[in-house]
Structure formats: C-alpha cells, structure tokens
file query.txt (compact mmCIF, C-alpha atoms)
# COMPACT_ATOMS: atom_id res chain seq x y z
CA MET Y 164 -9.94 -5.91 0.41
CA ILE Y 165 -7.58 -5.20 -2.50
CA LEU Y 166 -5.44 -2.15 -3.24
CA VAL Y 167 -5.48 -1.42 -6.97
CA ASP Y 168 -2.30 0.18 -8.34
CA SER Y 169 -2.27 3.05 -10.80
CA SER Y 170 -0.91 0.76 -13.54
CA VAL Y 171 -4.16 -1.21 -13.50
CA TRP Y 172 -6.44 1.82 -13.27
CA ILE Y 173 -4.62 3.45 -16.20
CA ASP Y 174 -5.03 0.31 -18.32
CA TYR Y 175 -8.67 0.03 -17.26
CA PHE Y 176 -9.52 3.64 -18.17
CA ASN Y 177 -7.60 3.34 -21.47
CA GLY Y 178 -9.53 0.19 -22.40
CA THR Y 179 -6.40 -1.95 -22.36
CA VAL Y 180 -7.32 -5.60 -21.97
CA ASN Y 181 -4.94 -7.68 -19.88
CA ARG Y 182 -5.13 -10.05 -16.93
CA GLU Y 183 -5.05 -7.26 -14.35
CA SER Y 184 -7.65 -4.99 -16.01
CA ASP Y 185 -9.90 -8.05 -16.48
CA THR Y 186 -9.45 -8.88 -12.79
CA LEU Y 187 -10.38 -5.31 -11.83
CA ASP Y 188 -13.45 -5.46 -14.05
CA SER Y 189 -14.52 -8.74 -12.44
CA ILE Y 190 -14.11 -7.55 -8.84
CA LEU Y 191 -15.76 -4.13 -9.22
CA GLY Y 192 -18.85 -4.20 -7.03
CA ARG Y 193 -18.01 -7.68 -5.73
CA GLU Y 194 -14.92 -7.20 -3.57
CA PRO Y 195 -13.84 -4.26 -1.43
CA ILE Y 196 -11.37 -2.09 -3.30
CA VAL Y 197 -9.26 0.62 -1.70
CA ILE Y 198 -7.29 3.43 -3.29
CA GLY Y 199 -4.11 5.05 -2.00
CA ASP Y 200 -3.95 8.83 -2.06
CA LEU Y 201 -0.77 8.77 -4.16
CA ILE Y 202 -2.38 6.29 -6.57
CA LEU Y 203 -5.37 8.63 -6.88
CA ALA Y 204 -3.03 11.48 -7.84
CA GLU Y 205 -1.05 9.34 -10.31
CA VAL Y 206 -4.17 8.18 -12.12
CA LEU Y 207 -6.05 11.48 -12.25
CA GLN Y 208 -3.08 13.58 -13.36
CA GLY Y 209 -2.92 11.62 -16.61
CA PHE Y 210 -6.33 12.69 -17.94
CA ARG Y 211 -6.29 15.35 -20.66
CA ASN Y 212 -10.04 15.49 -21.27
CA ASP Y 213 -12.06 17.24 -18.54
CA LEU Y 214 -15.10 14.98 -18.92
CA ASP Y 215 -12.97 11.83 -18.63
CA PHE Y 216 -11.21 13.36 -15.62
CA ARG Y 217 -14.49 14.08 -13.84
CA THR Y 218 -15.88 10.61 -14.63
CA ALA Y 219 -12.74 8.87 -13.36
CA LYS Y 220 -12.59 11.08 -10.28
CA ARG Y 221 -16.20 10.28 -9.42
CA LEU Y 222 -15.54 6.53 -9.75
CA LEU Y 223 -12.27 6.56 -7.80
CA MET Y 224 -13.70 8.73 -5.03
CA SER Y 225 -16.45 6.14 -4.50
CA PHE Y 226 -13.83 3.83 -2.94
CA PRO Y 227 -12.19 4.29 0.45
CA ILE Y 228 -9.07 6.46 0.03
CA HIS Y 229 -6.15 5.65 2.35
CA PRO Y 230 -3.14 7.86 3.03
CA LEU Y 231 0.07 6.10 2.01
CA VAL Y 232 2.55 8.57 3.48
CA ASN Y 233 3.28 9.52 7.07
CA THR Y 234 6.45 9.55 9.16
CA GLU Y 235 6.20 5.87 10.07
CA SER Y 236 5.59 4.77 6.49
CA ALA Y 237 8.45 6.99 5.28
CA LEU Y 238 10.83 5.25 7.68
CA ARG Y 239 9.51 1.79 6.73
CA SER Y 240 9.78 2.69 3.06
CA ALA Y 241 13.42 3.70 3.48
CA ASP Y 242 14.16 0.46 5.34
CA LEU Y 243 12.44 -1.62 2.67
CA PHE Y 244 14.25 0.19 -0.13
CA ARG Y 245 17.60 -0.34 1.60
CA THR Y 246 16.84 -4.04 2.24
CA LEU Y 247 16.18 -4.62 -1.44
CA ARG Y 248 19.18 -2.54 -2.52
CA LYS Y 249 21.43 -4.73 -0.34
CA LYS Y 250 20.13 -7.67 -2.40
CA GLY Y 251 21.09 -5.86 -5.59
CA ILE Y 252 17.56 -4.66 -6.40
CA THR Y 253 16.93 -0.96 -6.93
CA ILE Y 254 13.35 0.24 -6.86
CA ARG Y 255 12.93 3.08 -9.33
CA LYS Y 256 9.94 4.87 -7.82
CA THR Y 257 9.62 5.87 -4.18
CA VAL Y 258 5.82 5.73 -4.52
CA ASP Y 259 6.12 1.98 -5.13
CA THR Y 260 7.81 1.48 -1.77
CA PHE Y 261 5.02 3.42 -0.04
CA ILE Y 262 2.44 1.22 -1.78
CA ALA Y 263 4.29 -1.95 -0.77
CA VAL Y 264 4.63 -0.77 2.84
CA PHE Y 265 0.89 -0.01 3.04
CA CYS Y 266 0.00 -3.44 1.70
CA LEU Y 267 2.49 -5.27 3.91
CA ASP Y 268 1.51 -3.39 7.07
CA ASN Y 269 -2.22 -3.82 6.48
CA GLY Y 270 -2.24 -7.33 5.02
CA VAL Y 271 -3.79 -6.06 1.80
CA PRO Y 272 -3.09 -7.75 -1.55
CA LEU Y 273 -2.01 -5.52 -4.42
CA LEU Y 274 -3.46 -5.71 -7.93
CA THR Y 275 -0.78 -4.35 -10.25
CA SER Y 276 0.70 -4.87 -13.69
CA ASP Y 277 3.96 -3.19 -12.64
CA ARG Y 278 6.69 -5.86 -12.63
CA GLU Y 279 8.74 -3.93 -10.08
CA PHE Y 280 6.42 -5.18 -7.34
CA ARG Y 281 7.60 -8.74 -7.94
CA ALA Y 282 10.73 -7.89 -5.93
CA PHE Y 283 8.52 -6.96 -2.99
CA GLU Y 284 6.62 -10.21 -3.46
CA LYS Y 285 9.74 -12.37 -3.66
CA HIS Y 286 11.82 -10.75 -0.91
CA CYS Y 287 9.33 -9.06 1.42
CA GLY Y 288 6.16 -11.17 1.39
CA LEU Y 289 3.93 -8.76 -0.55
CA VAL Y 290 0.82 -10.57 -1.80
CA LEU Y 291 -0.01 -9.82 -5.42
CA ALA Y 292 -3.57 -10.36 -6.56
CA SER Y 293 -4.20 -12.12 -9.90
CA ARG Y 294 -0.91 -14.09 -9.89

call {"tool": "encode", "arguments": {"input": "query.txt", "output": "structure tokens"}}
result
Amino acid sequence: MILVDSSVWIDYFNGTVNRESDTLDSILGREPIVIGDLILAEVLQGFRNDLDFRTAKRLLMSFPIHPLVNTESALRSADLFRTLRKKGITIRKTVDTFIAVFCLDNGVPLLTSDREFRAFEKHCGLVLASR
C-alpha cells in the first residue's frame, strides 16, 4: 500500500513527466494506493474545468480514502513539527505533518515529489517510495 501525495497527483493530471508521476503511472492497477482526505481536497480544488474535475474526482474516489486528521494525529503532528524545529527544520505546511504522521503510524510509504518530506525521511523514519 502506498499513499500518493498531492504533488504527484497534480503532476500526473497535468501531464508532467517525472520520476514520481512515472512511478504512479506504473503502479496504477498493480499496487494498492490510498488517498488522504486532505490530499483529495488539495488535488480537486485545483481544477478549473468542470469535466476535468469530475474525471479526476471519479478516479480518486475509486481508491480507499483515509482521514488524516483527528485529535491523536493533531497531537502527534505537533510533536513531530516541534521535534524537527528543535533540529533547525521548519515544516511550512501543517498538512505535510499530518501526511507524515499517517504514513509513520500506519507503516505506509509515501510517493511524493515534495522535497520537504525528506526531513521526515531523514529524521523520523518516513519511507519515501521511488527513492
């Protein structure tokens, strides 16, 4: 099972060719993919065209959708953020800490092209797919 980050989905839907979008293309239908609810929102809010929105929504909703935020994950996210900040690393987006916490707590690798997750990999044990 792999959690695919919004950065990869956005590249995929925009036709951007890179290592991560190629990896996504190669695992579609072959490996279990999961989507986080916040990732679903991030990806779908970017569509301007209604037809593209509906097509993407239909595809994304075909995968299991997992909630990324609850009280426990909020507390873990704050702890993780503070741990990294003490090491001199500031995570810019709170959503990224929720994604990292979900992956860490569930043993799920993350497919992302967002470099910010490398801090979670290096200091927290996050497993990044396609690295």

call {"tool": "atom_distance", "arguments": {"input": "query.txt", "atom1": "atom CA of Y:Ser236", "atom2": "atom CA of Y:Asp200"}}
result
13.4 Å

call {"tool": "residues_around", "arguments": {"input": "query.txt", "residues": "Y:Ser225", "least_positions_apart": "4", "cutoff": "12 Å", "atoms": "only C-alpha atoms", "output": "ChimeraX atom specification"}}
result
/Y:191-192,195-198,203,218-221

call {"tool": "atom_distance", "arguments": {"input": "query.txt", "atom1": "atom CA of Y:Arg255", "atom2": "atom CA of Y:Leu243"}}
result
12.9 Å

call {"tool": "closest_residue", "arguments": {"input": "query.txt", "among": "Y:Ile173, Y:Thr234, Y:Arg239, Y:Ala292", "to": "Y:Phe210", "atoms": "only C-alpha atoms"}}
result
Y:Ile173

call {"tool": "atom_distance", "arguments": {"input": "query.txt", "atom1": "atom CA of Y:Phe265", "atom2": "atom CA of Y:Met224"}}
result
18.8 Å

call {"tool": "closest_residue", "arguments": {"input": "query.txt", "among": "Y:Asn233, Y:Asn181, Y:Ser169, Y:Thr186", "to": "Y:Gln208", "atoms": "only C-alpha atoms"}}
result
Y:Ser169

call {"tool": "closest_residue", "arguments": {"input": "query.txt", "among": "Y:Ser170, Y:Phe176, Y:Phe283, Y:Ile254", "to": "Y:Asp215", "atoms": "all atoms listed in the file"}}
result
Y:Phe176

call {"tool": "closest_residue", "arguments": {"input": "query.txt", "among": "Y:Arg217, Y:Asn212, Y:Glu183, Y:Ser240", "to": "Y:Arg278", "atoms": "all atoms listed in the file"}}
result
Y:Glu183

call {"tool": "closest_residue", "arguments": {"input": "query.txt", "among": "Y:Leu238, Y:Trp172, Y:Leu274, Y:Asp185", "to": "Y:Leu207", "atoms": "only C-alpha atoms"}}
result
Y:Trp172

call {"tool": "residues_around", "arguments": {"input": "query.txt", "residues": "Y:Phe280", "least_positions_apart": "2", "cutoff": "9 Å", "atoms": "all atoms listed in the file", "output": "PyMOL selection string"}}
result
chain Y and resi 254+259-260+263+273+275-278+282-285+289+291

call {"tool": "closest_residue", "arguments": {"input": "query.txt", "among": "Y:Ala241, Y:Leu214, Y:Val180, Y:Leu187", "to": "Y:Val167", "atoms": "all atoms listed in the file"}}
result
Y:Leu187

call {"tool": "residues_near_point", "arguments": {"input": "query.txt", "point": "(-5.6, -8.8, 5.5)", "cutoff": "12 Å", "atoms": "only C-alpha atoms", "output": "JSON, numbers by chain"}}
result
{"Y": [164, 165, 166, 195, 265, 266, 267, 268, 269, 270, 271, 272, 273, 289, 290]}

call {"tool": "write_last_selection", "arguments": {"input": "query.txt", "atoms": "C-alpha atoms", "output": "short mmCIF file (atom, residue, chain, number, x, y, z; two decimals), in the coordinates of the input"}}
result
data_model
loop_
_atom_site.label_atom_id
_atom_site.label_comp_id
_atom_site.auth_asym_id
_atom_site.auth_seq_id
_atom_site.Cartn_x
_atom_site.Cartn_y
_atom_site.Cartn_z
CA MET Y 164 -9.94 -5.91 0.41
CA ILE Y 165 -7.58 -5.20 -2.50
CA LEU Y 166 -5.44 -2.15 -3.24
CA PRO Y 195 -13.84 -4.26 -1.43
CA PHE Y 265 0.89 -0.01 3.04
CA CYS Y 266 0.00 -3.44 1.70
CA LEU Y 267 2.49 -5.27 3.91
CA ASP Y 268 1.51 -3.39 7.07
CA ASN Y 269 -2.22 -3.82 6.48
CA GLY Y 270 -2.24 -7.33 5.02
CA VAL Y 271 -3.79 -6.06 1.80
CA PRO Y 272 -3.09 -7.75 -1.55
CA LEU Y 273 -2.01 -5.52 -4.42
CA LEU Y 289 3.93 -8.76 -0.55
CA VAL Y 290 0.82 -10.57 -1.80
#

call {"tool": "decode", "arguments": {"input": "query.txt", "residues": "stretch 251-279 of chain Y", "atoms": "N, CA, C and O atoms", "output": "compact mmCIF listing (two decimals), in the first residue's frame"}}
result
# COMPACT_ATOMS: atom_id res chain seq x y z
N GLY Y 251 16.30 22.54 13.86
CA GLY Y 251 16.51 23.64 12.94
C GLY Y 251 15.75 23.52 11.63
O GLY Y 251 16.02 24.24 10.68
N ILE Y 252 14.77 22.61 11.58
CA ILE Y 252 13.99 22.38 10.36
C ILE Y 252 12.56 22.85 10.61
O ILE Y 252 11.91 22.38 11.53
N THR Y 253 12.10 23.77 9.78
CA THR Y 253 10.73 24.24 9.90
C THR Y 253 9.92 23.72 8.72
O THR Y 253 10.26 23.99 7.57
N ILE Y 254 8.88 23.00 9.03
CA ILE Y 254 7.97 22.48 8.01
C ILE Y 254 6.96 23.59 7.69
O ILE Y 254 6.33 24.13 8.58
N ARG Y 255 6.83 23.89 6.42
CA ARG Y 255 6.00 25.03 6.01
C ARG Y 255 4.50 24.75 6.04
O ARG Y 255 3.72 25.66 6.26
N LYS Y 256 4.10 23.52 5.77
CA LYS Y 256 2.67 23.23 5.68
C LYS Y 256 2.26 22.19 6.73
O LYS Y 256 2.82 21.09 6.78
N THR Y 257 1.28 22.56 7.52
CA THR Y 257 0.76 21.65 8.55
C THR Y 257 0.25 20.36 7.93
O THR Y 257 0.41 19.29 8.51
N VAL Y 258 -0.36 20.45 6.75
CA VAL Y 258 -0.87 19.25 6.08
C VAL Y 258 0.24 18.23 5.89
O VAL Y 258 0.01 17.02 6.05
N ASP Y 259 1.45 18.69 5.61
CA ASP Y 259 2.57 17.75 5.42
C ASP Y 259 2.87 16.96 6.68
O ASP Y 259 3.22 15.79 6.61
N THR Y 260 2.72 17.58 7.83
CA THR Y 260 2.97 16.83 9.08
C THR Y 260 1.87 15.80 9.30
O THR Y 260 2.14 14.70 9.78
N PHE Y 261 0.63 16.12 8.93
CA PHE Y 261 -0.44 15.13 9.06
C PHE Y 261 -0.20 13.94 8.12
O PHE Y 261 -0.42 12.79 8.50
N ILE Y 262 0.27 14.22 6.91
CA ILE Y 262 0.58 13.15 5.96
C ILE Y 262 1.70 12.27 6.50
O ILE Y 262 1.61 11.04 6.48
N ALA Y 263 2.75 12.90 7.01
CA ALA Y 263 3.88 12.14 7.57
C ALA Y 263 3.44 11.29 8.75
O ALA Y 263 3.83 10.12 8.86
N VAL Y 264 2.64 11.85 9.64
CA VAL Y 264 2.15 11.10 10.80
C VAL Y 264 1.34 9.89 10.36
O VAL Y 264 1.52 8.78 10.88
N PHE Y 265 0.45 10.07 9.39
CA PHE Y 265 -0.35 8.94 8.89
C PHE Y 265 0.56 7.84 8.37
O PHE Y 265 0.39 6.66 8.71
N CYS Y 266 1.53 8.21 7.55
CA CYS Y 266 2.43 7.21 6.97
C CYS Y 266 3.26 6.52 8.05
O CYS Y 266 3.41 5.29 8.03
N LEU Y 267 3.80 7.28 8.97
CA LEU Y 267 4.61 6.71 10.04
C LEU Y 267 3.79 5.78 10.93
O LEU Y 267 4.22 4.67 11.25
N ASP Y 268 2.61 6.21 11.32
CA ASP Y 268 1.78 5.42 12.22
C ASP Y 268 1.21 4.17 11.58
O ASP Y 268 0.90 3.20 12.26
N ASN Y 269 1.08 4.18 10.26
CA ASN Y 269 0.48 3.04 9.56
C ASN Y 269 1.48 2.23 8.74
O ASN Y 269 1.09 1.29 8.05
N GLY Y 270 2.76 2.62 8.80
CA GLY Y 270 3.78 1.89 8.05
C GLY Y 270 3.56 1.94 6.54
O GLY Y 270 3.81 0.96 5.84
N VAL Y 271 3.09 3.09 6.06
CA VAL Y 271 2.76 3.25 4.65
C VAL Y 271 3.81 4.14 3.98
O VAL Y 271 4.04 5.26 4.44
N PRO Y 272 4.43 3.68 2.89
CA PRO Y 272 5.36 4.56 2.18
C PRO Y 272 4.61 5.69 1.47
O PRO Y 272 3.45 5.54 1.11
N LEU Y 273 5.31 6.79 1.28
CA LEU Y 273 4.73 7.97 0.65
C LEU Y 273 5.39 8.21 -0.70
O LEU Y 273 6.62 8.26 -0.79
N LEU Y 274 4.57 8.37 -1.73
CA LEU Y 274 5.06 8.76 -3.04
C LEU Y 274 4.83 10.25 -3.17
O LEU Y 274 3.68 10.71 -3.17
N THR Y 275 5.90 11.03 -3.22
CA THR Y 275 5.81 12.47 -3.27
C THR Y 275 6.96 13.05 -4.08
O THR Y 275 8.02 12.44 -4.17
N SER Y 276 6.72 14.23 -4.64
CA SER Y 276 7.82 14.97 -5.27
C SER Y 276 8.15 16.21 -4.45
O SER Y 276 8.98 17.01 -4.84
N ASP Y 277 7.52 16.34 -3.30
CA ASP Y 277 7.74 17.48 -2.40
C ASP Y 277 8.98 17.22 -1.56
O ASP Y 277 9.02 16.30 -0.75
N ARG Y 278 10.00 18.02 -1.75
CA ARG Y 278 11.29 17.84 -1.05
C ARG Y 278 11.19 17.98 0.45
O ARG Y 278 12.04 17.48 1.18
N GLU Y 279 10.17 18.67 0.93
CA GLU Y 279 10.03 18.89 2.37
C GLU Y 279 9.93 17.56 3.13
O GLU Y 279 10.33 17.47 4.28
